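Peer 1: Below is the file work14.csv, with CSV, C-alpha atoms and all ligand atoms.
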```
chain,number,residue,atom,x,y,z
A,1,MET,CA,10.1,17.5,-10.0
A,2,ARG,CA,6.6,16.9,-8.9
A,3,TYR,CA,5.3,17.7,-5.4
A,4,ARG,CA,2.7,16.2,-3.2
A,5,ARG,CA,0.8,17.5,-0.2
A,6,LEU,CA,2.0,16.2,3.1
A,7,GLY,CA,-1.0,14.7,4.8
A,8,SER,CA,-3.5,17.2,6.1
A,9,SER,CA,-0.8,19.9,6.4
A,10,ASP,CA,-0.2,22.8,4.0
A,11,LEU,CA,3.3,21.6,3.2
A,12,GLU,CA,4.1,20.6,-0.4
A,13,VAL,CA,7.0,18.2,-0.6
A,14,SER,CA,9.0,17.0,-3.6
A,15,GLU,CA,8.4,13.4,-4.5
A,16,ILE,CA,12.1,12.7,-4.2
A,17,SER,CA,13.6,14.1,-1.0
A,18,LEU,CA,17.1,14.2,0.5
A,19,GLY,CA,18.0,12.3,3.7
A,20,SER,CA,21.1,12.6,5.9
A,21,TRP,CA,21.4,9.3,7.8
A,22,LEU,CA,25.0,8.0,7.8
A,23,THR,CA,26.0,10.4,5.0
A,24,TYR,CA,26.2,14.0,5.9
A,25,GLY,CA,28.4,15.0,8.9
A,26,VAL,CA,29.5,11.4,9.1
A,27,GLY,CA,30.5,9.2,6.1
A,28,VAL,CA,30.5,11.6,3.1
A,29,GLU,CA,33.2,14.3,3.2
A,30,ARG,CA,32.0,17.8,3.5
A,31,ASP,CA,32.6,19.2,0.0
A,32,ARG,CA,30.8,16.3,-1.6
A,33,ALA,CA,28.0,16.5,0.9
A,34,ALA,CA,27.6,20.2,0.1
A,35,ALA,CA,27.6,19.4,-3.6
A,36,CYS,CA,24.7,17.0,-3.0
A,37,VAL,CA,22.7,19.6,-1.2
A,38,ASP,CA,23.3,22.1,-4.1
A,39,LYS,CA,22.3,19.5,-6.6
A,40,ALA,CA,19.2,18.8,-4.7
A,41,PHE,CA,18.0,22.4,-4.9
A,42,GLU,CA,19.0,22.6,-8.6
A,43,LEU,CA,16.7,19.5,-9.3
A,44,GLY,CA,13.7,21.0,-7.4
A,45,ILE,CA,14.1,18.8,-4.3
A,46,ASN,CA,12.6,20.9,-1.5
A,47,PHE,CA,12.3,18.4,1.3
A,48,ILE,CA,15.2,17.5,3.6
A,49,ASP,CA,15.1,15.0,6.3
A,50,THR,CA,17.5,14.7,9.3
A,51,ALA,CA,17.5,13.7,13.0
A,52,ASN,CA,19.2,14.9,16.1
A,53,VAL,CA,20.8,11.4,16.5
A,54,TYR,CA,22.4,11.3,13.0
A,55,GLY,CA,26.1,11.6,13.9
A,56,ARG,CA,24.9,12.8,17.3
A,57,GLY,CA,24.1,16.3,16.0
A,58,ALA,CA,26.7,16.3,13.1
A,59,ALA,CA,24.1,15.9,10.3
A,60,GLU,CA,22.1,18.8,11.7
A,61,GLU,CA,25.2,20.9,12.1
A,62,PHE,CA,26.2,20.2,8.5
A,63,LEU,CA,22.7,21.0,7.2
A,64,GLY,CA,22.6,24.2,9.3
A,65,GLY,CA,25.6,25.4,7.4
A,66,ALA,CA,24.6,24.1,4.0
A,67,LEU,CA,21.1,25.7,4.2
A,68,GLU,CA,22.2,29.0,5.7
A,69,GLY,CA,21.7,31.8,3.2
A,70,ARG,CA,18.9,30.0,1.3
A,71,PRO,CA,15.4,31.6,1.7
A,72,ARG,CA,13.8,29.7,4.6
A,73,ASP,CA,10.6,29.2,2.6
A,74,SER,CA,12.5,27.5,-0.3
A,75,TYR,CA,12.7,24.2,1.6
A,76,VAL,CA,10.8,22.0,3.9
A,77,LEU,CA,13.0,20.8,6.8
A,78,ALA,CA,12.2,17.8,8.9
A,79,THR,CA,14.1,16.5,12.0
A,80,LYS,CA,13.4,13.9,14.7
A,81,LEU,CA,14.0,13.0,18.3
A,82,PHE,CA,13.9,9.8,20.4
A,83,PHE,CA,17.2,8.0,20.2
A,84,PRO,CA,19.9,8.7,22.9
A,85,MET,CA,21.9,11.9,22.6
A,86,SER,CA,23.7,11.2,25.9
A,87,ASP,CA,23.4,8.9,28.9
A,88,GLU,CA,20.4,10.9,30.2
A,89,ASP,CA,18.9,12.4,27.0
A,90,ARG,CA,16.5,10.1,25.2
A,91,GLY,CA,12.8,9.5,24.6
A,92,LEU,CA,9.7,11.6,24.2
A,93,SER,CA,9.1,13.2,27.6
A,94,ARG,CA,7.9,16.8,27.7
A,95,ALA,CA,11.4,17.9,28.9
A,96,GLN,CA,13.1,16.0,26.1
A,97,VAL,CA,10.8,17.4,23.4
A,98,GLU,CA,11.6,20.9,24.6
A,99,LYS,CA,15.3,20.4,25.1
A,100,GLN,CA,15.9,18.4,21.9
A,101,LEU,CA,13.9,20.7,19.7
A,102,ASP,CA,15.8,23.7,20.9
A,103,ALA,CA,19.1,21.9,20.4
A,104,SER,CA,18.1,20.9,16.9
A,105,LEU,CA,17.0,24.5,16.0
A,106,ARG,CA,20.4,25.7,17.2
A,107,ARG,CA,22.3,23.3,15.1
A,108,LEU,CA,20.1,23.8,12.1
A,109,ARG,CA,20.4,27.6,12.5
A,110,THR,CA,16.7,28.3,12.1
A,111,ASP,CA,13.8,29.3,14.4
A,112,HIS,CA,11.5,26.5,13.2
A,113,VAL,CA,11.4,23.1,11.6
A,114,ASP,CA,8.6,22.3,9.2
A,115,LEU,CA,8.2,18.8,10.5
A,116,TYR,CA,9.1,17.5,13.9
A,117,GLN,CA,9.0,13.7,14.1
A,118,CYS,CA,9.1,11.1,16.9
A,119,HIS,CA,11.8,8.7,15.6
A,120,ARG,CA,10.2,5.7,17.4
A,121,TYR,CA,7.5,5.2,20.0
A,122,ASP,CA,8.5,5.7,23.7
A,123,ASP,CA,7.1,3.1,25.9
A,124,GLU,CA,8.4,4.9,29.0
A,125,THR,CA,6.5,8.2,28.5
A,126,PRO,CA,2.6,8.4,28.6
A,127,LEU,CA,1.4,9.2,25.1
A,128,GLU,CA,-0.6,12.2,26.4
A,129,GLU,CA,2.6,13.8,27.7
A,130,THR,CA,4.3,13.4,24.3
A,131,MET,CA,1.3,14.7,22.3
A,132,GLU,CA,0.9,17.7,24.6
A,133,ALA,CA,4.6,18.6,24.3
A,134,LEU,CA,4.4,18.2,20.5
A,135,THR,CA,1.3,20.4,20.5
A,136,ARG,CA,3.1,23.1,22.4
A,137,ALA,CA,6.0,22.9,19.9
A,138,VAL,CA,3.5,23.6,17.1
A,139,ARG,CA,1.6,26.3,18.9
A,140,SER,CA,4.9,28.1,19.8
A,141,GLY,CA,5.8,28.2,16.2
A,142,LYS,CA,8.9,26.1,16.6
A,143,ALA,CA,7.4,23.3,14.5
A,144,ARG,CA,4.9,23.6,11.7
A,145,ALA,CA,3.7,20.1,11.7
A,146,ILE,CA,4.3,16.8,13.5
A,147,GLY,CA,5.0,13.2,12.4
A,148,PHE,CA,6.2,9.8,13.7
A,149,SER,CA,8.5,7.1,12.4
A,150,GLU,CA,7.8,3.3,12.8
A,151,TRP,CA,5.0,3.6,15.3
A,152,PRO,CA,2.8,0.6,15.8
A,153,ALA,CA,-0.7,0.9,14.4
A,154,ASP,CA,-2.4,0.8,17.8
A,155,ARG,CA,-0.3,3.7,19.1
A,156,ILE,CA,-1.0,5.7,15.9
A,157,LYS,CA,-4.8,5.1,16.5
A,158,ALA,CA,-4.4,6.2,20.2
A,159,ALA,CA,-2.8,9.5,19.1
A,160,LEU,CA,-5.5,10.1,16.5
A,161,ASP,CA,-8.2,9.5,19.1
A,162,MET,CA,-6.8,12.1,21.5
A,163,ALA,CA,-8.8,15.3,21.8
A,164,GLY,CA,-7.3,18.8,22.0
A,165,VAL,CA,-3.9,18.0,20.5
A,166,GLU,CA,-2.2,18.5,17.1
A,167,LYS,CA,-2.7,15.7,14.6
A,168,PHE,CA,0.1,13.9,13.0
A,169,VAL,CA,0.5,14.5,9.3
A,170,SER,CA,3.4,12.1,8.4
A,171,SER,CA,4.6,8.6,9.0
A,172,GLN,CA,8.2,7.6,8.2
A,173,PRO,CA,8.5,3.9,7.6
A,174,GLN,CA,11.0,1.8,5.8
A,175,TYR,CA,9.3,1.0,2.5
A,176,SER,CA,10.7,-0.4,-0.8
A,177,LEU,CA,10.2,-3.3,-3.2
A,178,LEU,CA,12.3,-5.2,-0.7
A,179,TRP,CA,10.3,-4.2,2.4
A,180,ARG,CA,6.5,-3.9,2.1
A,181,GLN,CA,5.5,-4.3,5.7
A,182,PRO,CA,3.7,-0.9,6.0
A,183,GLU,CA,1.1,-2.0,3.4
A,184,LYS,CA,-0.7,-4.2,5.9
A,185,GLU,CA,-1.8,-1.8,8.6
A,186,VAL,CA,0.1,1.5,8.6
A,187,ILE,CA,-0.7,2.7,5.1
A,188,PRO,CA,-4.5,2.1,5.2
A,189,LEU,CA,-4.8,3.6,8.7
A,190,CYS,CA,-2.8,6.7,7.7
A,191,ALA,CA,-4.6,7.1,4.3
A,192,ALA,CA,-7.9,7.3,6.2
A,193,ASN,CA,-6.6,9.9,8.6
A,194,GLY,CA,-4.8,12.6,6.7
A,195,ILE,CA,-1.3,11.1,7.3
A,196,SER,CA,1.2,10.7,4.4
A,197,GLN,CA,4.1,8.3,4.2
A,198,ILE,CA,7.6,9.7,3.7
A,199,VAL,CA,9.6,6.5,3.2
A,200,TRP,CA,13.1,5.6,4.2
A,201,SER,CA,15.6,3.5,2.4
A,202,PRO,CA,13.5,3.3,-0.8
A,203,LEU,CA,16.5,2.0,-2.6
A,204,GLY,CA,17.4,-0.5,0.1
A,205,GLN,CA,20.5,1.5,1.0
A,206,GLY,CA,21.6,1.3,-2.7
A,207,VAL,CA,20.9,-2.4,-3.2
A,208,LEU,CA,18.0,-1.5,-5.5
A,209,THR,CA,20.3,0.3,-7.9
A,210,GLY,CA,21.6,-3.2,-8.9
A,211,LYS,CA,25.2,-2.3,-8.2
A,212,TYR,CA,25.8,-5.1,-5.7
A,213,SER,CA,26.4,-8.4,-7.6
A,214,PRO,CA,25.8,-11.7,-5.9
A,215,ASP,CA,29.1,-13.0,-7.5
A,216,ALA,CA,31.5,-10.1,-6.8
A,217,PRO,CA,32.6,-8.0,-3.8
A,218,PRO,CA,30.8,-4.8,-3.3
A,219,PRO,CA,32.0,-2.0,-5.6
A,220,ALA,CA,34.7,0.3,-4.3
A,221,GLY,CA,33.3,3.4,-2.7
A,222,SER,CA,29.9,2.0,-2.1
A,223,ARG,CA,28.1,2.1,1.3
A,224,ALA,CA,28.7,-1.6,1.9
A,225,THR,CA,32.4,-1.1,1.8
A,226,SER,CA,32.4,1.8,4.3
A,227,ASP,CA,33.3,1.3,7.9
A,228,GLU,CA,31.2,4.3,9.0
A,229,MET,CA,28.1,3.6,6.8
A,230,GLY,CA,28.0,-0.1,6.0
A,231,GLY,CA,26.9,-1.6,9.3
A,232,TRP,CA,23.2,-2.0,8.6
A,233,MET,CA,23.2,-3.9,5.3
A,234,ASP,CA,23.5,-7.6,6.2
A,235,ARG,CA,19.9,-8.5,5.4
A,236,LEU,CA,20.0,-6.5,2.2
A,237,LEU,CA,23.2,-8.1,0.9
A,238,ALA,CA,21.9,-11.7,1.4
A,239,ARG,CA,22.5,-13.7,-1.8
A,240,PRO,CA,18.8,-14.4,-2.6
A,241,VAL,CA,18.1,-10.7,-2.4
A,242,LEU,CA,21.0,-9.8,-4.7
A,243,GLU,CA,20.0,-12.5,-7.2
A,244,ALA,CA,16.4,-11.2,-7.3
A,245,VAL,CA,17.6,-7.6,-7.8
A,246,GLN,CA,19.6,-8.7,-10.8
A,247,ARG,CA,16.4,-10.1,-12.3
A,248,LEU,CA,14.7,-6.8,-11.9
A,249,LYS,CA,17.2,-5.0,-14.2
A,250,PRO,CA,15.6,-6.1,-17.5
A,251,ILE,CA,12.1,-5.2,-16.2
A,252,ALA,CA,13.3,-1.6,-15.4
A,253,ALA,CA,15.0,-1.5,-18.8
A,254,GLU,CA,11.6,-2.4,-20.4
A,255,ALA,CA,10.1,0.6,-18.6
A,256,GLY,CA,12.9,2.8,-20.0
A,257,LEU,CA,14.3,3.4,-16.6
A,258,SER,CA,17.4,2.6,-14.6
A,259,LEU,CA,16.7,0.2,-11.8
A,260,ALA,CA,17.1,3.0,-9.2
A,261,GLN,CA,14.4,5.0,-11.0
A,262,PHE,CA,12.2,2.0,-11.4
A,263,ALA,CA,12.4,1.2,-7.6
A,264,LEU,CA,11.6,4.8,-6.7
A,265,ALA,CA,8.7,5.0,-9.2
A,266,TRP,CA,7.4,1.8,-7.6
A,267,VAL,CA,7.3,3.5,-4.2
A,268,LEU,CA,5.6,6.6,-5.6
A,269,ARG,CA,2.9,4.5,-7.3
A,270,GLU,CA,1.3,4.4,-3.8
A,271,PRO,CA,-0.8,7.5,-3.5
A,272,ASN,CA,-0.4,7.6,0.3
A,273,VAL,CA,3.4,8.1,-0.2
A,274,ALA,CA,4.2,11.8,-0.4
A,275,SER,CA,7.9,11.4,-0.8
A,276,ALA,CA,10.7,8.9,-1.2
A,277,ILE,CA,13.7,10.0,1.0
A,278,VAL,CA,16.9,9.0,-0.7
A,279,GLY,CA,20.4,9.2,0.6
A,280,ALA,CA,23.1,10.4,-1.8
A,281,SER,CA,26.9,10.2,-1.6
A,282,ARG,CA,27.3,11.9,-5.0
A,283,PRO,CA,25.4,14.6,-6.8
A,284,GLU,CA,25.0,12.3,-9.9
A,285,GLN,CA,23.0,9.9,-7.9
A,286,LEU,CA,20.5,12.6,-7.1
A,287,GLU,CA,20.2,13.5,-10.8
A,288,GLU,CA,19.4,9.9,-11.6
A,289,ASN,CA,17.0,9.5,-8.7
A,290,ALA,CA,15.1,12.8,-9.2
A,291,ALA,CA,14.2,11.6,-12.7
A,292,ALA,CA,11.9,9.0,-11.2
A,293,SER,CA,9.5,11.7,-10.3
A,294,GLY,CA,6.8,11.8,-13.0
A,295,ALA,CA,7.9,8.5,-14.6
A,296,THR,CA,5.0,6.4,-15.8
A,297,VAL,CA,5.3,2.6,-15.6
A,298,ASP,CA,3.0,-0.1,-16.9
A,299,PRO,CA,1.6,-1.7,-13.7
A,300,ALA,CA,2.2,-5.1,-15.2
A,301,LEU,CA,5.9,-4.4,-14.9
A,302,PHE,CA,5.6,-3.5,-11.3
A,303,ALA,CA,3.6,-6.7,-10.7
A,304,GLN,CA,6.3,-8.8,-12.4
A,305,ALA,CA,9.0,-7.2,-10.1
A,306,GLU,CA,6.9,-7.8,-7.0
A,307,ARG,CA,6.6,-11.5,-8.0
A,308,ILE,CA,10.3,-11.9,-8.4
A,309,VAL,CA,11.0,-10.4,-4.9
A,310,ALA,CA,8.2,-12.4,-3.3
A,311,GLU,CA,9.6,-15.6,-4.8
A,312,ALA,CA,13.1,-14.8,-3.5
A,313,ARG,CA,11.7,-14.2,0.0
A,314,ARG,CA,10.0,-17.6,0.0
A,315,THR,CA,13.2,-19.4,-1.0
A,316,ALA,CA,15.5,-17.4,1.3
A,401,LIG,N1,13.2,7.0,10.3
A,401,LIG,C1,14.1,6.1,10.3
A,401,LIG,O1,14.3,5.3,11.2
A,401,LIG,C2,15.1,6.1,9.2
A,401,LIG,C3,16.0,5.0,9.0
A,401,LIG,C4,16.9,5.1,8.0
A,401,LIG,C5,16.9,6.2,7.1
A,401,LIG,N2,16.0,7.2,7.3
A,401,LIG,C6,16.0,8.4,6.4
A,401,LIG,O2,15.9,8.0,5.0
A,401,LIG,C7,17.0,8.5,4.3
A,401,LIG,C8,17.4,7.6,3.2
A,401,LIG,O3,17.9,6.3,3.7
A,401,LIG,P1,19.0,5.6,2.9
A,401,LIG,O4,20.2,6.4,2.8
A,401,LIG,O5,19.2,4.2,3.5
A,401,LIG,O6,18.3,5.5,1.5
A,401,LIG,P2,18.5,4.8,0.1
A,401,LIG,O7,18.2,5.9,-0.9
A,401,LIG,O8,17.8,3.5,0.1
A,401,LIG,O9,20.1,4.5,0.0
A,401,LIG,C9,21.0,5.6,-0.2
A,401,LIG,C10,22.4,5.2,-0.6
A,401,LIG,O10,22.3,4.4,-1.8
A,401,LIG,C11,23.3,4.8,-2.7
A,401,LIG,N3,22.7,5.4,-3.9
A,401,LIG,C12,21.6,6.2,-3.9
A,401,LIG,N4,21.3,6.5,-5.2
A,401,LIG,C13,22.1,5.8,-6.0
A,401,LIG,C14,22.2,5.7,-7.4
A,401,LIG,N5,21.4,6.4,-8.2
A,401,LIG,N6,23.2,4.9,-7.9
A,401,LIG,C15,24.0,4.2,-7.0
A,401,LIG,N7,24.0,4.3,-5.7
A,401,LIG,C16,23.0,5.1,-5.2
A,401,LIG,C17,24.2,5.8,-2.0
A,401,LIG,O11,25.2,5.1,-1.2
A,401,LIG,P3,26.7,4.8,-1.7
A,401,LIG,O12,27.0,5.7,-2.9
A,401,LIG,O13,27.5,5.1,-0.5
A,401,LIG,O14,26.7,3.3,-2.1
A,401,LIG,C18,23.2,6.4,-1.0
A,401,LIG,O15,23.8,7.0,0.1
A,401,LIG,C19,18.1,8.7,5.4
A,401,LIG,O16,19.0,9.6,4.9
A,401,LIG,C20,17.2,9.3,6.5
A,401,LIG,O17,16.9,10.6,6.3
A,401,LIG,C21,15.2,7.2,8.3
```
Could you rewrite the structure in this file as structure tokens?
Peer 2:
Amino acid sequence: MRYRRLGSSDLEVSEISLGSWLTYGVGVERDRAAACVDKAFELGINFIDTANVYGRGAAEEFLGGALEGRPRDSYVLATKLFFPMSDEDRGLSRAQVEKQLDASLRRLRTDHVDLYQCHRYDDETPLEETMEALTRAVRSGKARAIGFSEWPADRIKAALDMAGVEKFVSSQPQYSLLWRQPEKEVIPLCAANGISQIVWSPLGQGVLTGKYSPDAPPPAGSRATSDEMGGWMDRLLARPVLEAVQRLKPIAAEAGLSLAQFALAWVLREPNVASAIVGASRPEQLEENAAASGATVDPALFAQAERIVAEARRTA
């Protein structure tokens, strides 16, 4: 496993990291989830991403147990706040930053997180209030560094321009061969300002493994068949997308990689990406995915894959 520096922080994160949306504490049963965490450590994955809202605290609870007993400096732990935790609890106000961070620390059974992220931008709280609260979180030692997820470029700029507050070191956007939106504004802005990307759904929720055929029902046991986990895949399971993905398989094979590895290597070709956050329902998936770290791929093969996906988008 290779590691990259997270923005201007002193955190070194594995190129492949482990996420916990939909899976841990929710759709993947406990023993299998624990086996995935064990496998991640075995493979050198040191970066774990969660959020208070995943399973309304259940993912953090699970991780608190799974990480307990491991040396605290052997992993980099990231969580987030913003989405509703109750009818009253939501957003990025000073009171919420304090309350939600303390609640996350309790569930995660630790006295600090390495990265505290704003899960979205909060239009109802002044940015100054949020930045001051995040700054207090860092200066109190409860968070080592701060980040955001899916913030508009102008809000990122406004935070960077603010004096006397901690600077963001990470941005968590959706990014994959099937979703390249951050390339326009967010990546250049972040690259110029000491902020790395840690990207979500780099495998398009599993679609970029090639296991979903346009001509067959989703395979048994896959996310698309799960009542708990399959509700966010409609766009990804559209026929033109699945057809394009099948055409990527021989290109990955030419690179000597599985399609999952090829898709992860594509994300990691971007120097501003510090880590690809994968989900895993089985330890074997992590073994396959971790091998993408350090893979070298002819850029001409990446360009071919990009053309196929762009063509599919035009005809969709
Ligand atoms: N900031 C945000 O707003 C946001 C939003 C979404 C996610 N995230 C973060 O990003 C993480 C990753 O998101 P994601 O789970 O959508 O990522 P993903 O890596 O694109 O998809 C993960 C799913 O694909 C399947 N899979 C993974 N590797 C495979 C392999 N080698 N072979 C076959 N199937 C494989 C597994 O599902 P099955 O086995 O069940 O098919 C797995 O749970 C989340 O856990 C979360 O931490 C953040």
Peer 1: Can you check which parts of chain A lie within 6 Å of ligand LIG 401 (chain A)? Per residue, the shortest pair of atoms and distance in Å to one decimal, counting only C-alpha atoms and all ligand atoms, sorted by chain and number, as CSV.
Peer 2:
```
residue,atom,partner,partner_atom,distance
A:Gly19,CA,A:LIG401,O16,3.1
A:Ser20,CA,A:LIG401,O16,3.8
A:Trp21,CA,A:LIG401,O16,3.8
A:Asp49,CA,A:LIG401,O17,4.8
A:Thr50,CA,A:LIG401,O17,5.1
A:His119,CA,A:LIG401,N1,5.7
A:Ser149,CA,A:LIG401,N1,5.1
A:Gln172,CA,A:LIG401,N1,5.5
A:Trp200,CA,A:LIG401,O2,3.8
A:Ser201,CA,A:LIG401,O8,3.2
A:Pro202,CA,A:LIG401,O8,4.4
A:Leu203,CA,A:LIG401,O8,3.4
A:Gly204,CA,A:LIG401,O8,4.0
A:Gln205,CA,A:LIG401,O9,3.2
A:Gly206,CA,A:LIG401,O10,3.3
A:Thr209,CA,A:LIG401,N6,5.4
A:Ser222,CA,A:LIG401,O14,3.5
A:Arg223,CA,A:LIG401,O13,3.5
A:Ala260,CA,A:LIG401,N5,5.6
A:Ile277,CA,A:LIG401,C7,4.9
A:Val278,CA,A:LIG401,O7,3.4
A:Gly279,CA,A:LIG401,O4,3.6
A:Ala280,CA,A:LIG401,O15,4.0
A:Ser281,CA,A:LIG401,O12,4.7
A:Gln285,CA,A:LIG401,N5,3.9
A:Glu288,CA,A:LIG401,N5,5.3
A:Asn289,CA,A:LIG401,N5,5.4
```
Peer 1: Residues of the last selection are to be written out with C-alpha atoms, as a compact mmCIF listing (two decimals), keeping the file's coordinate frame.
Peer 2:
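The resulting file, result_35.txt, is reproduced below:
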```
# COMPACT_ATOMS: atom_id res chain seq x y z
CA GLY A 19 18.00 12.30 3.70
CA SER A 20 21.10 12.60 5.90
CA TRP A 21 21.40 9.30 7.80
CA ASP A 49 15.10 15.00 6.30
CA THR A 50 17.50 14.70 9.30
CA HIS A 119 11.80 8.70 15.60
CA SER A 149 8.50 7.10 12.40
CA GLN A 172 8.20 7.60 8.20
CA TRP A 200 13.10 5.60 4.20
CA SER A 201 15.60 3.50 2.40
CA PRO A 202 13.50 3.30 -0.80
CA LEU A 203 16.50 2.00 -2.60
CA GLY A 204 17.40 -0.50 0.10
CA GLN A 205 20.50 1.50 1.00
CA GLY A 206 21.60 1.30 -2.70
CA THR A 209 20.30 0.30 -7.90
CA SER A 222 29.90 2.00 -2.10
CA ARG A 223 28.10 2.10 1.30
CA ALA A 260 17.10 3.00 -9.20
CA ILE A 277 13.70 10.00 1.00
CA VAL A 278 16.90 9.00 -0.70
CA GLY A 279 20.40 9.20 0.60
CA ALA A 280 23.10 10.40 -1.80
CA SER A 281 26.90 10.20 -1.60
CA GLN A 285 23.00 9.90 -7.90
CA GLU A 288 19.40 9.90 -11.60
CA ASN A 289 17.00 9.50 -8.70
```
Peer 1: Name the residues in contact with region 218-220 of chain A at a cut-off of 12 Å, using all atoms listed in the file, excluding same-chain residues fewer than 2 positions from it; report them as a PyMOL selection string.
Peer 2: chain A and resi 206-207+210-216+222-226+230+233+237+242
Peer 1: Name all residues at most 10 Å from Ala310 (chain A) (count only C-alpha atoms; drop same-chain ones fewer than 6 positions away) and give them as a ChimeraX atom specification.
Peer 2: /A:177-178,244,304,316
Peer 1: I'd like to know which of A:Arg56, A:Arg144, A:Arg72, A:His112 is closest to Met85 (chain A), using all atoms listed in the file.
Peer 2: A:Arg56
Peer 1: Which neighbours of region 184-191 of chain A fall inside 9 Å, counting all atoms listed in the file, when residues of the same chain fewer than 6 positions from it are skipped, and could you give them as a list in words?
Peer 2: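 Once the nearby chain positions are removed, what remains is Gly7, Glu150, Trp151, Pro152, Ala153, Ile156, Lys157, Val169, Ser170, Ser171, Pro173, Gln197, Pro271, Asn272 and Val273 of chain A.
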Peer 1: Work out how far apart CA of Met1 (chain A) and CA of Arg180 (chain A) are and give it in Å to one decimal.
Peer 2: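 CA of Met1 (chain A) sits 24.8 Å away from CA of Arg180 (chain A).
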Peer 1: I want to know what sits within 12 Å of Glu166 (chain A), based on all atoms listed in the file, with residues of the same chain fewer than 4 positions away left out; could you give that as an MDAnalysis selection string?
Peer 2: chainID A and resid 8:9 116 128 130:139 143:147 159:162
Peer 1: Using only C-alpha atoms, find the one residue out of A:Arg155, A:Arg70, A:Arg94, A:Lys167 that sits nearest to Arg109 (chain A).
Peer 2: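 For Arg109 (chain A), the nearest of the given residues is A:Arg70.
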